[in-house]
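Undergrad: As input, take entry_26.txt (compact mmCIF, C-alpha atoms):
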# COMPACT_ATOMS: atom_id res chain seq x y z
CA MET J 266 70.59 114.18 94.64
CA LYS J 267 73.64 115.52 96.37
CA ASN J 268 75.49 117.70 93.86
CA ASP J 269 78.81 116.15 94.87
CA ILE J 270 77.77 112.61 93.90
CA ILE J 271 77.81 111.52 90.23
CA LEU J 272 77.67 108.10 88.58
CA GLY J 273 80.94 107.37 86.81
CA ILE J 274 81.00 104.93 83.88
CA ASP J 275 84.22 103.55 82.41
CA ILE J 276 83.79 101.90 79.00
CA GLY J 277 86.48 99.35 78.14
CA ALA J 278 87.13 96.87 75.36
CA SER J 279 86.43 93.95 77.70
CA ALA J 280 84.25 95.43 80.46
CA ILE J 281 81.95 98.33 81.32
CA LYS J 282 82.32 99.53 84.89
CA GLY J 283 80.28 101.86 87.07
CA ALA J 284 80.35 103.33 90.58
CA LEU J 285 79.04 106.31 92.49
CA ILE J 286 81.73 108.94 92.95
CA ASP J 287 82.12 111.78 95.44
CA VAL J 288 83.46 114.38 92.99
CA LYS J 289 84.40 116.79 95.76
CA LYS J 290 86.78 114.35 97.41
CA GLY J 291 87.58 112.16 94.39
CA LYS J 292 86.42 109.04 96.23
CA GLN J 293 84.56 105.96 95.07
CA LEU J 294 81.53 105.58 97.33
CA THR J 295 80.30 102.17 96.21
CA ASP J 296 81.73 98.89 95.04
CA ARG J 297 82.51 98.92 91.34
CA LEU J 298 79.94 97.11 89.21
CA ARG J 299 81.69 95.37 86.31
CA LEU J 300 79.77 93.95 83.36
CA LEU J 301 81.15 92.42 80.18
CA THR J 302 81.32 94.63 77.11
CA PRO J 303 78.92 93.12 74.54
CA ASP J 304 80.27 91.48 71.41
CA PRO J 305 79.84 93.10 68.98
CA ALA J 306 80.27 96.35 70.92
CA VAL J 307 77.63 98.26 68.95
CA PRO J 308 75.81 101.33 70.32
CA GLU J 309 72.45 99.75 71.14
CA ALA J 310 73.95 96.76 72.95
CA MET J 311 76.36 98.94 74.94
CA GLY J 312 73.53 101.29 75.84
CA GLU J 313 71.65 98.35 77.35
CA VAL J 314 74.63 97.47 79.54
CA VAL J 315 75.03 101.07 80.70
CA ASN J 316 71.31 101.17 81.51
CA THR J 317 71.70 98.00 83.59
CA ILE J 318 74.32 99.83 85.67
CA VAL J 319 72.04 102.87 85.99
CA LYS J 320 69.19 100.66 87.26
CA GLU J 321 71.49 98.83 89.69
CA PHE J 322 72.44 102.15 91.31
CA LYS J 323 68.86 103.52 91.05
CA TRP J 324 70.29 106.49 89.18
CA GLN J 325 67.53 107.25 86.68
CA GLY J 326 67.40 110.88 85.49
CA LYS J 327 70.65 111.95 87.16
CA PRO J 328 73.98 113.05 85.57
CA ILE J 329 76.45 110.46 84.33
CA GLY J 330 80.12 110.95 83.48
CA CYS J 331 81.36 108.48 80.88
CA GLY J 332 84.94 107.64 79.92
CA PHE J 333 84.86 106.24 76.38
CA PRO J 334 87.62 104.49 74.33
CA ALA J 335 87.63 106.84 71.35
CA ILE J 336 88.54 110.32 70.22
CA VAL J 337 85.61 112.29 71.64
CA LYS J 338 84.64 115.76 70.38
CA ASN J 339 81.48 117.44 71.65
CA GLY J 340 80.17 114.07 72.74
CA VAL J 341 80.74 112.41 69.34
CA ALA J 342 83.07 109.42 68.79
CA HIS J 343 85.61 110.00 66.00
CA SER J 344 87.51 106.71 66.28
CA ALA J 345 86.93 103.13 67.40
CA ALA J 346 90.22 101.37 68.04
CA ASN J 347 88.92 98.75 70.50
CA ILE J 348 85.14 98.86 69.94
CA ASP J 349 82.80 98.40 66.97
CA LYS J 350 83.42 100.73 64.01
CA SER J 351 79.73 101.67 63.99
CA TRP J 352 80.53 104.08 66.85
CA ILE J 353 82.44 106.40 64.51
CA GLY J 354 80.27 109.48 64.02
CA THR J 355 77.85 108.42 66.78
CA ASN J 356 76.95 110.87 69.53
CA ILE J 357 77.85 108.95 72.70
CA GLU J 358 76.00 111.34 74.99
CA LYS J 359 72.76 111.11 72.99
CA GLU J 360 73.02 107.32 72.53
CA PHE J 361 73.54 106.59 76.22
CA GLY J 362 71.15 109.37 77.20
CA LYS J 363 68.41 107.73 75.13
CA ALA J 364 69.19 104.33 76.66
CA THR J 365 69.20 105.54 80.27
CA GLY J 366 67.05 108.67 80.43
CA CYS J 367 70.00 110.43 82.05
CA PRO J 368 72.08 113.45 80.99
CA VAL J 369 75.42 111.97 79.88
CA TYR J 370 78.79 113.71 79.54
CA ALA J 371 81.39 111.73 77.57
CA VAL J 372 85.15 112.14 77.47
CA ASN J 373 88.03 110.06 76.11
CA ASP J 374 88.73 107.32 78.66
CA ALA J 375 92.44 108.08 79.05
CA ASP J 376 91.66 111.80 79.41
CA ALA J 377 89.25 110.82 82.21
CA ALA J 378 92.06 108.96 83.97
CA GLY J 379 94.31 111.98 83.49
CA ILE J 380 91.72 114.36 84.92
CA SER J 381 91.39 112.26 88.05
CA SER J 382 95.16 112.02 88.40
CA LEU J 383 95.71 115.77 88.22
CA TYR J 384 92.88 116.66 90.58
CA PHE J 385 93.17 113.81 93.06
CA GLY J 386 96.05 111.44 92.25
CA ALA J 387 99.72 111.20 91.37
CA GLY J 388 99.60 114.25 89.10
CA LYS J 389 98.10 116.63 91.64
CA LYS J 390 99.96 119.97 91.58
CA ALA J 391 102.32 118.65 88.87
CA LYS J 392 103.98 121.38 86.83
CA GLY J 393 105.19 121.41 83.25
CA LEU J 394 104.37 118.76 80.65
CA VAL J 395 102.80 115.62 82.13
CA ILE J 396 102.06 112.47 80.12
CA LEU J 397 99.84 109.80 81.64
CA ILE J 398 99.79 106.41 79.91
CA THR J 399 97.02 103.91 80.65
CA ILE J 400 98.21 100.32 80.26
CA GLY J 401 95.40 97.99 79.24
CA SER J 402 93.92 96.54 76.06
CA GLY J 403 95.68 99.42 74.34
CA LEU J 404 97.88 102.30 75.44
CA GLY J 405 95.80 105.37 76.20
CA SER J 406 97.32 108.78 76.86
CA ALA J 407 96.44 112.01 78.59
CA VAL J 408 98.69 115.04 78.16
CA PHE J 409 98.63 118.12 80.39
CA ILE J 410 100.63 121.35 80.44
CA ASN J 411 100.54 123.01 83.86
CA GLY J 412 97.20 121.37 84.59
CA THR J 413 95.57 122.14 81.22
CA LEU J 414 94.43 119.10 79.24
CA ILE J 415 95.35 118.62 75.57
CA PRO J 416 92.46 116.28 74.66
CA ASN J 417 92.46 113.15 72.50
CA THR J 418 96.21 112.74 72.09
CA GLU J 419 96.13 108.97 71.31
CA LEU J 420 99.89 108.49 71.82
CA GLY J 421 99.39 104.73 71.88
CA HIS J 422 98.91 104.97 68.12
CA LEU J 423 102.39 106.31 67.44
CA TYR J 424 104.58 103.95 65.44
CA LEU J 425 107.40 102.17 67.24
CA GLY J 426 109.68 99.74 65.44
CA GLY J 427 107.37 99.60 62.45
CA ARG J 428 104.31 98.77 64.55
CA ILE J 429 101.58 100.74 66.26
CA ALA J 430 102.91 101.19 69.79
CA GLU J 431 99.94 99.63 71.57
CA HIS J 432 100.31 96.53 69.41
CA TYR J 433 103.89 96.29 70.68
CA ALA J 434 103.68 97.22 74.36
CA SER J 435 100.13 97.04 75.73
CA ALA J 436 99.08 94.72 78.57
CA LYS J 437 96.96 92.82 76.05
CA THR J 438 100.06 92.21 73.91
CA ARG J 439 101.93 90.94 76.98
CA GLU J 440 99.16 88.45 77.70
CA GLU J 441 98.80 87.30 74.09
CA ASN J 442 102.54 86.63 73.86
CA ASN J 443 102.80 85.05 77.34
CA MET J 444 105.51 87.55 78.29
CA THR J 445 106.78 88.01 81.83
CA TRP J 446 106.41 91.47 83.30
CA ASN J 447 110.19 91.71 83.18
CA ASP J 448 110.37 91.06 79.43
CA TRP J 449 107.36 93.23 78.73
CA GLY J 450 108.96 96.01 80.77
CA LYS J 451 111.81 96.18 78.27
CA ARG J 452 109.30 96.83 75.51
CA PHE J 453 107.44 99.41 77.52
CA ASN J 454 110.73 101.13 78.31
CA LYS J 455 111.36 101.56 74.57
CA TYR J 456 107.96 103.18 74.29
CA LEU J 457 108.64 105.64 77.12
CA ARG J 458 112.04 106.50 75.65
CA HIS J 459 110.33 107.18 72.32
CA LEU J 460 107.86 109.53 74.00
CA ASP J 461 110.72 111.24 75.81
CA ARG J 462 112.53 111.90 72.51
CA LEU J 463 109.39 113.35 70.95
CA PHE J 464 107.97 115.43 73.81
CA SER J 465 110.60 115.91 76.57
CA PRO J 466 107.99 115.58 79.35
CA ASP J 467 108.58 116.56 82.97
CA LEU J 468 106.68 113.59 84.38
CA PHE J 469 105.31 110.22 83.28
CA ILE J 470 102.34 108.78 85.17
CA LEU J 471 101.38 105.16 84.59
CA GLY J 472 97.72 104.19 84.98
CA GLY J 473 95.30 101.52 83.81
CA GLY J 474 95.20 97.91 84.93
CA GLY J 475 98.86 97.31 84.07
CA SER J 476 99.98 99.95 86.56
CA ASN J 477 98.80 97.65 89.37
CA LYS J 478 101.88 95.54 88.57
CA TYR J 479 104.28 98.49 88.53
CA ASP J 480 106.68 96.86 91.01
CA GLU J 481 107.01 93.88 88.64
CA PHE J 482 108.57 95.94 85.83
CA ALA J 483 109.73 99.23 87.39
CA ASP J 484 113.41 98.22 87.36
CA ARG J 485 113.25 97.78 83.55
CA LEU J 486 112.35 101.43 83.01
CA LYS J 487 115.47 103.40 82.10
CA VAL J 488 114.33 106.86 81.08
CA ASN J 489 115.57 110.25 82.29
CA VAL J 490 112.11 111.41 83.32
CA PRO J 491 110.45 110.93 86.73
CA ILE J 492 107.86 108.12 86.68
CA LYS J 493 104.97 107.67 89.10
CA PRO J 494 102.34 104.93 89.19
CA GLU J 495 98.82 106.33 89.49
CA THR J 496 97.70 106.22 93.12
CA LEU J 497 94.00 105.87 92.24
CA LEU J 498 94.68 102.58 90.42
CA ASN J 499 91.56 101.19 88.69
CA ARG J 500 89.39 103.91 90.26
CA ALA J 501 90.96 106.64 88.10
CA GLY J 502 88.75 106.25 85.04
CA LEU J 503 85.54 106.27 87.08
CA VAL J 504 86.59 109.23 89.22
CA GLY J 505 87.77 111.23 86.22
CA ALA J 506 84.64 110.54 84.18
CA ALA J 507 82.43 111.68 87.04
CA TYR J 508 84.56 114.77 87.65
CA TYR J 509 84.39 115.62 83.93
CA ALA J 510 80.60 115.59 84.23
CA LYS J 511 80.84 117.95 87.19
CA LEU J 512 82.99 120.36 85.15
CA GLN J 513 80.50 120.28 82.27
CA LEU J 514 77.57 120.90 84.59
CA LYS J 515 79.44 123.78 86.22
CA SER J 516 80.21 125.37 82.84
CA LYS J 517 76.51 125.42 81.94
CA LYS J 518 75.45 127.36 85.02
Do you think you could lay out the structure here as structure tokens?
TA:
Amino acid sequence: MKNDIILGIDIGASAIKGALIDVKKGKQLTDRLRLLTPDPAVPEAMGEVVNTIVKEFKWQGKPIGCGFPAIVKNGVAHSAANIDKSWIGTNIEKEFGKATGCPVYAVNDADAAGISSLYFGAGKKAKGLVILITIGSGLGSAVFINGTLIPNTELGHLYLGGRIAEHYASAKTREENNMTWNDWGKRFNKYLRHLDRLFSPDLFILGGGGSNKYDEFADRLKVNVPIKPETLLNRAGLVGAAYYAKLQLKSKK
């Protein structure tokens, strides 16, 4: 195996994605394989899907970086907002390692997107306090101060107008309410203004699937903070997960 190539896995509420990543250049080397997240999204069933991706890329026994939709501490899931509650207290790295026969390194999925942004994307060389928001089934967040990650921030779970913010302004909420991007943008603007009041960031970066439509709602965003869409688009989670694995491997040498 070339040390600069790692399999990135991005676990989502609706799909599990995988691709081979050049972690030196931050580039996706293969087409993204996208498989449906099982329902219920319990550990054993999800492990089987991840193993299917491993087999497809002939990656048995090699390192995997995994972005996972939960608070992740030392490889263990401590929340389960958009997956089955049975994950709480489960060691993600051991569960997927057992399913695949590979060493697995797990990180919060939004933190993975943030890592890729700061090393390879819109946040590269950014100074000060940077908040990346992933717009998808929920609202994930990654917070950095001068390039140092504050892990597991979960800013999508702040309350806004009496509701959990991601229940008010996620892409899933937009779809469920048949909202135009213009109308949804007004909601999302309230969310960014709320974050600005609380944290006074120097930069907002918008990632996740919803960021692909940035031009559709950008003119609704009225906040006195620079805003950038993530340049890596839907590759960010995969690239960041793989790069996280590289960092963990490096720290063990």
Undergrad: Counting all atoms listed in the file, which residue out of J:Ile286, J:Val337, J:Ile357, J:Ile271 sits closest to Gln325 of chain J?
TA: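 Among the listed residues, the smallest separation from Gln325 of chain J belongs to J:Ile271.
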Undergrad: Could you check the closest approach to Gly340 of chain J for each of J:Glu309, J:Asp461, J:Glu358, J:Asp480 and tell me which residue wins, using only C-alpha atoms?
TA: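 Ranking J:Glu309, J:Asp461, J:Glu358, J:Asp480 by distance to Gly340 of chain J, first place goes to J:Glu358.
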Undergrad: Quick one: everything within 8 Å of segment 424-436 of chain J, counting all atoms listed in the file, minus sequence neighbours fewer than 3 positions away in the same chain. Send it as a compact mmCIF listing (two decimals) with C-alpha atoms, in the coordinates of the input.
TA:
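Here's the written file selection-v4.txt:
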# COMPACT_ATOMS: atom_id res chain seq x y z
CA ILE J 400 98.21 100.32 80.26
CA GLY J 401 95.40 97.99 79.24
CA SER J 402 93.92 96.54 76.06
CA GLY J 403 95.68 99.42 74.34
CA LEU J 404 97.88 102.30 75.44
CA GLY J 421 99.39 104.73 71.88
CA ARG J 439 101.93 90.94 76.98
CA GLU J 440 99.16 88.45 77.70
CA TRP J 449 107.36 93.23 78.73
CA ARG J 452 109.30 96.83 75.51
CA PHE J 453 107.44 99.41 77.52
CA TYR J 456 107.96 103.18 74.29
CA HIS J 459 110.33 107.18 72.32
CA GLY J 475 98.86 97.31 84.07
Undergrad: Contacts of Phe464 of chain J at 12 Å or less, counting only C-alpha atoms, minus same-chain residues fewer than 3 places along, as a ChimeraX atom specification?
TA: /J:393-396,408-410,420,457-461,467-469,490
Undergrad: Counting all atoms listed in the file, find residues at most 12 Å from (72.1, 99.7, 84.5) (file frame) and give them as number ranges by chain.
TA: J: 272-274, 281-284, 298-300, 311-325, 329, 361, 364-367
Undergrad: Work out how far apart atom CA of Lys511 of chain J and atom CA of Phe385 of chain J are and give it in Å to one decimal.
TA: 14.3 Å
Undergrad: Taking (85.4, 95.4, 74.9) as a centre in this file's frame and 10 Å as the limit, can you find every polymer residue with an atom that close, using only C-alpha atoms, and give them as a list in words?
TA: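 Every residue inside that radius is included here: Ile276, Gly277, Ala278, Ser279, Ala280, Ile281, Leu301, Thr302, Pro303, Asp304, Pro305, Ala306, Met311, Pro334, Asn347, Ile348, Asp349 and Ser402 of chain J.
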Undergrad: Just give me the gap between atom CA of Leu414 of chain J and atom CA of Ala483 of chain J in Å, one decimal is fine.
TA: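 Result for atom CA of Leu414 of chain J versus atom CA of Ala483 of chain J: 26.4 Å, one decimal.
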Undergrad: List the spatial neighbours of Ser382 of chain J as a ChimeraX atom specification - criterion: any atom at most 8 Å away, all atoms listed in the file, same-chain residues fewer than 5 positions off excluded.
TA: /J:387-389,495-497,501,505
Undergrad: Expressed in Å to a single decimal, how great is the separation between atom CA of Asn489 of chain J and atom CA of Ala378 of chain J?
TA: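 Here the two named atoms are 23.6 Å from each other.
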Undergrad: Counting only C-alpha atoms, which residue out of J:Ile492, J:Val288, J:Val372, J:Ile470 sits closest to Gly332 of chain J?
TA: J:Val372
Undergrad: With all atoms listed in the file as the atoms that count, which of J:Leu383, J:Met444, J:Ala310, J:Ala377 lies nearest to Gly330 of chain J?
TA: J:Ala377
Undergrad: Which residue gives the smallest distance to Ile415 of chain J among J:Gly386, J:Gly379, J:Gly450, J:Gly502, with only C-alpha atoms counted?
TA: J:Gly379
Undergrad: For a quick check of understanding, using only C-alpha atoms, which of J:Lys487, J:Lys363, J:Arg297, J:Lys390 has the smallest distance to Asn411 of chain J?
TA: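 Residue with the minimum atom-to-atom distance to Asn411 of chain J: J:Lys390.
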